[in-house]
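entry_39.txt (compact mmCIF, C-alpha atoms)
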```txt
# COMPACT_ATOMS: atom_id res chain seq x y z
CA MET A 1 0.00 0.00 0.00
CA GLN A 2 1.12 3.53 -0.69
CA ILE A 3 -0.32 6.76 0.68
CA ASP A 4 0.33 10.14 -0.90
CA LEU A 5 -0.98 13.70 -0.68
CA GLY A 6 -2.76 13.52 -4.06
CA GLY A 7 -5.99 14.59 -2.36
CA ILE A 8 -4.72 18.16 -1.87
CA ALA A 9 -1.07 18.48 -2.91
CA LYS A 10 -1.69 19.20 -6.61
CA GLY A 11 -4.32 21.78 -5.70
CA TYR A 12 -1.95 23.48 -3.28
CA ALA A 13 0.84 23.53 -5.89
CA ALA A 14 -1.53 24.91 -8.55
CA ASP A 15 -2.74 27.66 -6.20
CA GLN A 16 0.86 28.60 -5.41
CA ALA A 17 1.77 28.69 -9.11
CA LEU A 18 -1.23 30.94 -9.74
CA GLN A 19 -0.05 33.37 -7.04
CA ILE A 20 3.40 33.53 -8.65
CA LEU A 21 1.84 34.31 -12.04
CA LYS A 22 -0.36 37.03 -10.55
CA LYS A 23 2.58 38.53 -8.64
CA ASN A 24 4.43 38.76 -11.95
CA LYS A 25 1.41 40.41 -13.59
CA VAL A 26 0.58 37.52 -15.93
CA ARG A 27 -2.96 38.20 -17.15
CA HIS A 28 -3.81 35.03 -19.09
CA ALA A 29 -2.68 31.48 -18.36
CA LEU A 30 -3.87 27.91 -18.23
CA LEU A 31 -2.29 25.78 -15.50
CA ASN A 32 -2.72 22.01 -15.84
CA PHE A 33 -1.56 19.83 -12.98
CA GLY A 34 -3.23 16.65 -14.27
CA GLY A 35 -6.84 16.68 -13.11
CA THR A 36 -6.29 20.05 -11.42
CA VAL A 37 -6.63 22.97 -13.84
CA ILE A 38 -6.75 26.74 -13.32
CA ALA A 39 -7.87 29.19 -16.01
CA LEU A 40 -6.56 32.73 -15.47
CA GLY A 41 -7.85 35.63 -17.52
CA ARG A 42 -9.70 34.78 -20.70
CA GLU A 43 -12.39 32.11 -20.76
CA GLN A 44 -11.08 28.59 -21.30
CA LYS A 45 -12.82 25.33 -22.18
CA ILE A 46 -11.67 22.57 -19.85
CA GLY A 47 -12.26 18.96 -20.84
CA ILE A 48 -13.68 16.43 -18.38
CA GLN A 49 -12.11 13.00 -18.70
CA HIS A 50 -14.36 10.27 -20.07
CA PRO A 51 -14.21 7.55 -17.40
CA TYR A 52 -14.59 4.74 -19.95
CA GLN A 53 -11.98 5.98 -22.44
CA LYS A 54 -8.20 6.30 -22.49
CA ASN A 55 -6.61 9.25 -20.75
CA GLY A 56 -7.14 12.53 -22.61
CA GLN A 57 -10.57 11.63 -24.06
CA SER A 58 -13.18 14.12 -22.89
CA ILE A 59 -16.82 13.30 -22.27
CA ALA A 60 -17.72 16.96 -21.77
CA GLU A 61 -16.24 20.40 -21.31
CA VAL A 62 -16.88 23.29 -19.00
CA SER A 63 -16.14 26.93 -19.85
CA VAL A 64 -14.51 28.92 -17.05
CA ARG A 65 -12.70 32.16 -16.43
CA ASN A 66 -10.56 32.83 -13.36
CA LYS A 67 -11.59 29.52 -11.84
CA ALA A 68 -10.10 26.19 -10.85
CA VAL A 69 -11.50 22.93 -12.22
CA VAL A 70 -10.63 19.73 -10.36
CA THR A 71 -11.64 16.14 -11.13
CA SER A 72 -11.39 13.09 -8.88
CA GLY A 73 -12.43 9.70 -10.17
CA THR A 74 -12.61 6.13 -9.02
CA TYR A 75 -11.68 5.01 -12.55
CA GLU A 76 -8.11 6.35 -12.34
CA ARG A 77 -6.13 3.80 -10.34
CA GLY A 78 -7.21 0.33 -9.40
CA PHE A 79 -7.15 -3.39 -10.05
CA PHE A 80 -9.48 -6.36 -10.31
CA SER A 81 -9.46 -9.27 -7.89
CA GLN A 82 -11.96 -12.13 -7.97
CA GLY A 83 -14.24 -10.20 -10.31
CA ARG A 84 -14.36 -7.05 -8.17
CA ARG A 85 -12.71 -3.72 -8.96
CA TYR A 86 -10.70 -2.07 -6.20
CA HIS A 87 -9.77 1.60 -6.71
CA HIS A 88 -7.63 4.16 -4.93
CA ILE A 89 -10.26 6.34 -3.20
CA LEU A 90 -10.92 4.79 0.19
CA ASN A 91 -13.82 5.29 2.55
CA PRO A 92 -12.17 6.19 5.87
CA ARG A 93 -15.03 4.61 7.83
CA THR A 94 -14.58 1.17 6.28
CA GLY A 95 -11.04 1.20 4.87
CA CYS A 96 -12.52 -0.16 1.63
CA PRO A 97 -12.81 1.54 -1.75
CA ALA A 98 -15.55 4.17 -1.81
CA ASP A 99 -18.86 2.88 -3.10
CA SER A 100 -20.99 6.03 -3.44
CA GLY A 101 -22.22 5.27 -6.95
CA LEU A 102 -19.96 7.91 -8.48
CA LEU A 103 -17.25 7.34 -11.07
CA SER A 104 -16.19 10.96 -11.30
CA VAL A 105 -16.63 14.30 -9.56
CA THR A 106 -15.53 17.54 -11.23
CA LEU A 107 -15.69 20.73 -9.17
CA VAL A 108 -15.45 24.37 -10.27
CA GLY A 109 -14.50 27.10 -7.80
CA GLN A 110 -11.79 29.45 -6.58
CA SER A 111 -9.28 27.36 -4.61
CA ALA A 112 -7.76 24.33 -6.34
CA MET A 113 -6.59 22.94 -3.00
CA GLU A 114 -10.10 23.17 -1.53
CA LEU A 115 -11.57 21.59 -4.66
CA ASP A 116 -9.02 18.74 -4.59
CA ALA A 117 -10.01 17.82 -1.04
CA LEU A 118 -13.74 18.18 -1.68
CA ALA A 119 -13.73 16.23 -4.97
CA THR A 120 -12.08 13.25 -3.31
CA GLY A 121 -14.42 13.53 -0.34
CA LEU A 122 -17.47 13.66 -2.61
CA CYS A 123 -16.36 10.44 -4.28
CA VAL A 124 -16.78 8.90 -0.83
CA LEU A 125 -19.91 10.79 0.29
CA GLY A 126 -21.87 10.63 -2.94
CA ARG A 127 -23.83 13.28 -4.80
CA ASN A 128 -26.82 13.71 -2.49
CA ALA A 129 -24.75 13.94 0.69
CA GLY A 130 -22.23 16.25 -0.98
CA LEU A 131 -24.59 18.83 -2.52
CA PRO A 132 -25.12 20.77 0.74
CA LEU A 133 -21.33 21.12 1.13
CA LEU A 134 -21.04 22.52 -2.38
CA GLU A 135 -23.87 24.98 -1.87
CA LYS A 136 -22.34 26.16 1.41
CA HIS A 137 -19.00 26.89 -0.30
CA GLY A 138 -20.37 28.25 -3.61
CA ILE A 139 -18.88 25.44 -5.68
CA GLU A 140 -20.34 24.02 -8.89
CA ALA A 141 -20.07 20.36 -9.90
CA VAL A 142 -20.33 17.73 -12.61
CA PHE A 143 -21.13 14.22 -11.38
CA ILE A 144 -20.78 11.05 -13.45
CA ASP A 145 -22.36 8.03 -11.80
CA ASN A 146 -21.61 4.32 -12.22
CA GLU A 147 -24.21 4.07 -15.01
CA GLY A 148 -22.59 6.94 -16.94
CA GLU A 149 -25.35 9.44 -16.15
CA ILE A 150 -24.08 13.02 -15.96
CA ARG A 151 -25.58 15.63 -13.65
CA ILE A 152 -24.50 19.23 -13.19
CA THR A 153 -25.29 21.86 -10.59
CA PRO A 154 -27.41 24.84 -11.69
CA GLY A 155 -24.51 27.31 -11.84
CA LEU A 156 -22.97 25.41 -14.75
CA GLN A 157 -26.02 25.80 -17.01
CA GLY A 158 -24.81 27.40 -20.23
CA LYS A 159 -21.16 26.69 -19.33
CA PHE A 160 -21.31 22.91 -19.80
CA LEU A 161 -21.18 21.05 -23.12
CA LEU A 162 -21.58 17.30 -23.46
CA ARG A 163 -19.35 15.93 -26.23
CA ARG A 164 -20.84 13.53 -28.74
CA ASN A 165 -18.12 10.99 -29.60
```

Rewrite the coordinates I just gave you, this time as structure tokens.
Amino acid sequence: MQIDLGGIAKGYAADQALQILKKNKVRHALLNFGGTVIALGREQKIGIQHPYQKNGQSIAEVSVRNKAVVTSGTYERGFFSQGRRYHHILNPRTGCPADSGLLSVTLVGQSAMELDALATGLCVLGRNAGLPLLEKHGIEAVFIDNEGEIRITPGLQGKFLLRRN
């Protein structure tokens, strides 16, 4: 077993990189820390990984400006044993892989570090239990469940485009 800080470390690093760019008066940039993206300045279209396709294949995109977009997914790292898939996002109550019915959670907000932690947590909590947290913090979301159904929060209406592949 290996434990790392992937739940918040990339978000923290991305936020720090953003502060350096702002300090140096960079007005437009796109920071991509692999699942943790920040769009500075002009509006950018950020792809959301298709959980059933190879890395880099988007199922949808979200248009953002001066926002962070972070995705956590149970499809990323795992293995099969005796017909069951085990993935890398663990439920701390059980010590077993999270089984919330979600394959992927993409969050849109201000702090990449906060979004990194929340996205991973929502993979454990599930959509219904996580929505009040998002509303409290003013964060928008894209949820992809185990059946491939996609749901978005109201604030992403008009900023979300499902790709037809």

**Message:** Using only C-alpha atoms, can you tell me which of A:Thr94, A:Gln82, A:Asn55, A:Ser72 comes closest to A:Gly35?
**Reply:**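 With only C-alpha atoms as the atom set, the closest residue is A:Ser72.
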
Please provide as a PDB file with C-alpha atoms, keeping the file's coordinate frame all residues within 8 Å of A:Gly155, with the sequence filter that same-chain residues fewer than 2 positions apart are discarded (counting only C-alpha atoms).
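File produced: around.pdb:
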```
ATOM      1  CA  GLU A 140     -20.340  24.020  -8.890  1.00  0.00           C
ATOM      2  CA  THR A 153     -25.290  21.860 -10.590  1.00  0.00           C
ATOM      3  CA  GLN A 157     -26.020  25.800 -17.010  1.00  0.00           C
TER       4      GLN A 157
END
```

**Pick from A:Ala141, A:Val70, A:Leu122, A:Ala60, whichever lies nearest to A:Ile89 using only C-alpha atoms** =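 Among A:Ala141, A:Val70, A:Leu122, A:Ala60, it is A:Leu122 that comes nearest to A:Ile89.
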
Pull the closest atom pair for each residue of stretch 22-76 of chain A that gets at most 7 Å from stretch 109-118 of chain A, along with the distance in Å to one decimal, counting all atoms listed in the file, ordering rows by chain and then ascending residue number, as JSON lines.
```
{"residue": "A:Thr36", "atom": "CA", "partner": "A:Ala112", "partner_atom": "CA", "distance": 6.8}
{"residue": "A:Lys67", "atom": "CA", "partner": "A:Gln110", "partner_atom": "CA", "distance": 5.3}
{"residue": "A:Ala68", "atom": "CA", "partner": "A:Ala112", "partner_atom": "CA", "distance": 5.4}
{"residue": "A:Val69", "atom": "CA", "partner": "A:Gly109", "partner_atom": "CA", "distance": 6.8}
{"residue": "A:Val70", "atom": "CA", "partner": "A:Leu115", "partner_atom": "CA", "distance": 6.1}
```

**Request:** Determine, counting only C-alpha atoms, which protein, DNA and RNA residues have an atom within 7 Å of an atom of A:Glu43; residues of the same chain fewer than 2 positions away are not included. Present the result as JSON, numbers by chain.
**Result:** {"A": [41, 45, 63, 64, 65]}

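The smallest atom-to-atom distance between A:Gly34 and any of A:Val108, A:Val142, A:Ala9, A:Val62, using only C-alpha atoms, is found for A:Ala9.
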
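Going from atom CA of A:Gln57 to atom CA of A:Gly126 covers 24.0 Å.
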
Please identify all polymer residues within 10 Å of A:Gly148, counting only C-alpha atoms, omitting same-chain residues fewer than 4 positions from it, and present them as a PDB file with C-alpha atoms, in the coordinates of the input.
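The new file around-v6.pdb reads:
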```pdb
ATOM      1  CA  HIS A  50     -14.360  10.270 -20.070  1.00  0.00           C
ATOM      2  CA  PRO A  51     -14.210   7.550 -17.400  1.00  0.00           C
ATOM      3  CA  TYR A  52     -14.590   4.740 -19.950  1.00  0.00           C
ATOM      4  CA  LEU A 102     -19.960   7.910  -8.480  1.00  0.00           C
ATOM      5  CA  LEU A 103     -17.250   7.340 -11.070  1.00  0.00           C
ATOM      6  CA  SER A 104     -16.190  10.960 -11.300  1.00  0.00           C
ATOM      7  CA  PHE A 143     -21.130  14.220 -11.380  1.00  0.00           C
ATOM      8  CA  ILE A 144     -20.780  11.050 -13.450  1.00  0.00           C
TER       9      ILE A 144
END
```

**Message:** Could you tell me how far atom CA of A:Gly101 sits from atom CA of A:Ile150, in Å to one decimal place?
**Reply:** 12.0 Å

**Within 7 Å of A:Ile48 using all atoms listed in the file, minus same-chain residues under 6 positions, as a PyMOL selection string** = chain A and resi 58-61

**Request:** Quick one: pull the distance between atom CA of A:Leu107 and atom CA of A:Asn128, Å, one decimal.
**Result:**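 Atom CA of A:Leu107 sits 14.8 Å away from atom CA of A:Asn128.
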
**Selected residue, from A:Gln53, A:Gly11, A:Leu21, A:Pro154, that lies nearest to A:Glu135 when counting only C-alpha atoms** = A:Pro154

**Request:** Just the residues within 8 Å of A:His28, please, counting only C-alpha atoms, with nothing from its chain fewer than 3 positions along; format it as number ranges by chain.
**Result:** A: 39-42

Expected file: the selected residues, C-alpha atoms, as a tab-separated table (two decimals), in the coordinates of the input:
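Final file, again-v9.tsv:
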```
chain	number	residue	atom	x	y	z
A	39	ALA	CA	-7.87	29.19	-16.01
A	40	LEU	CA	-6.56	32.73	-15.47
A	41	GLY	CA	-7.85	35.63	-17.52
A	42	ARG	CA	-9.70	34.78	-20.70
```
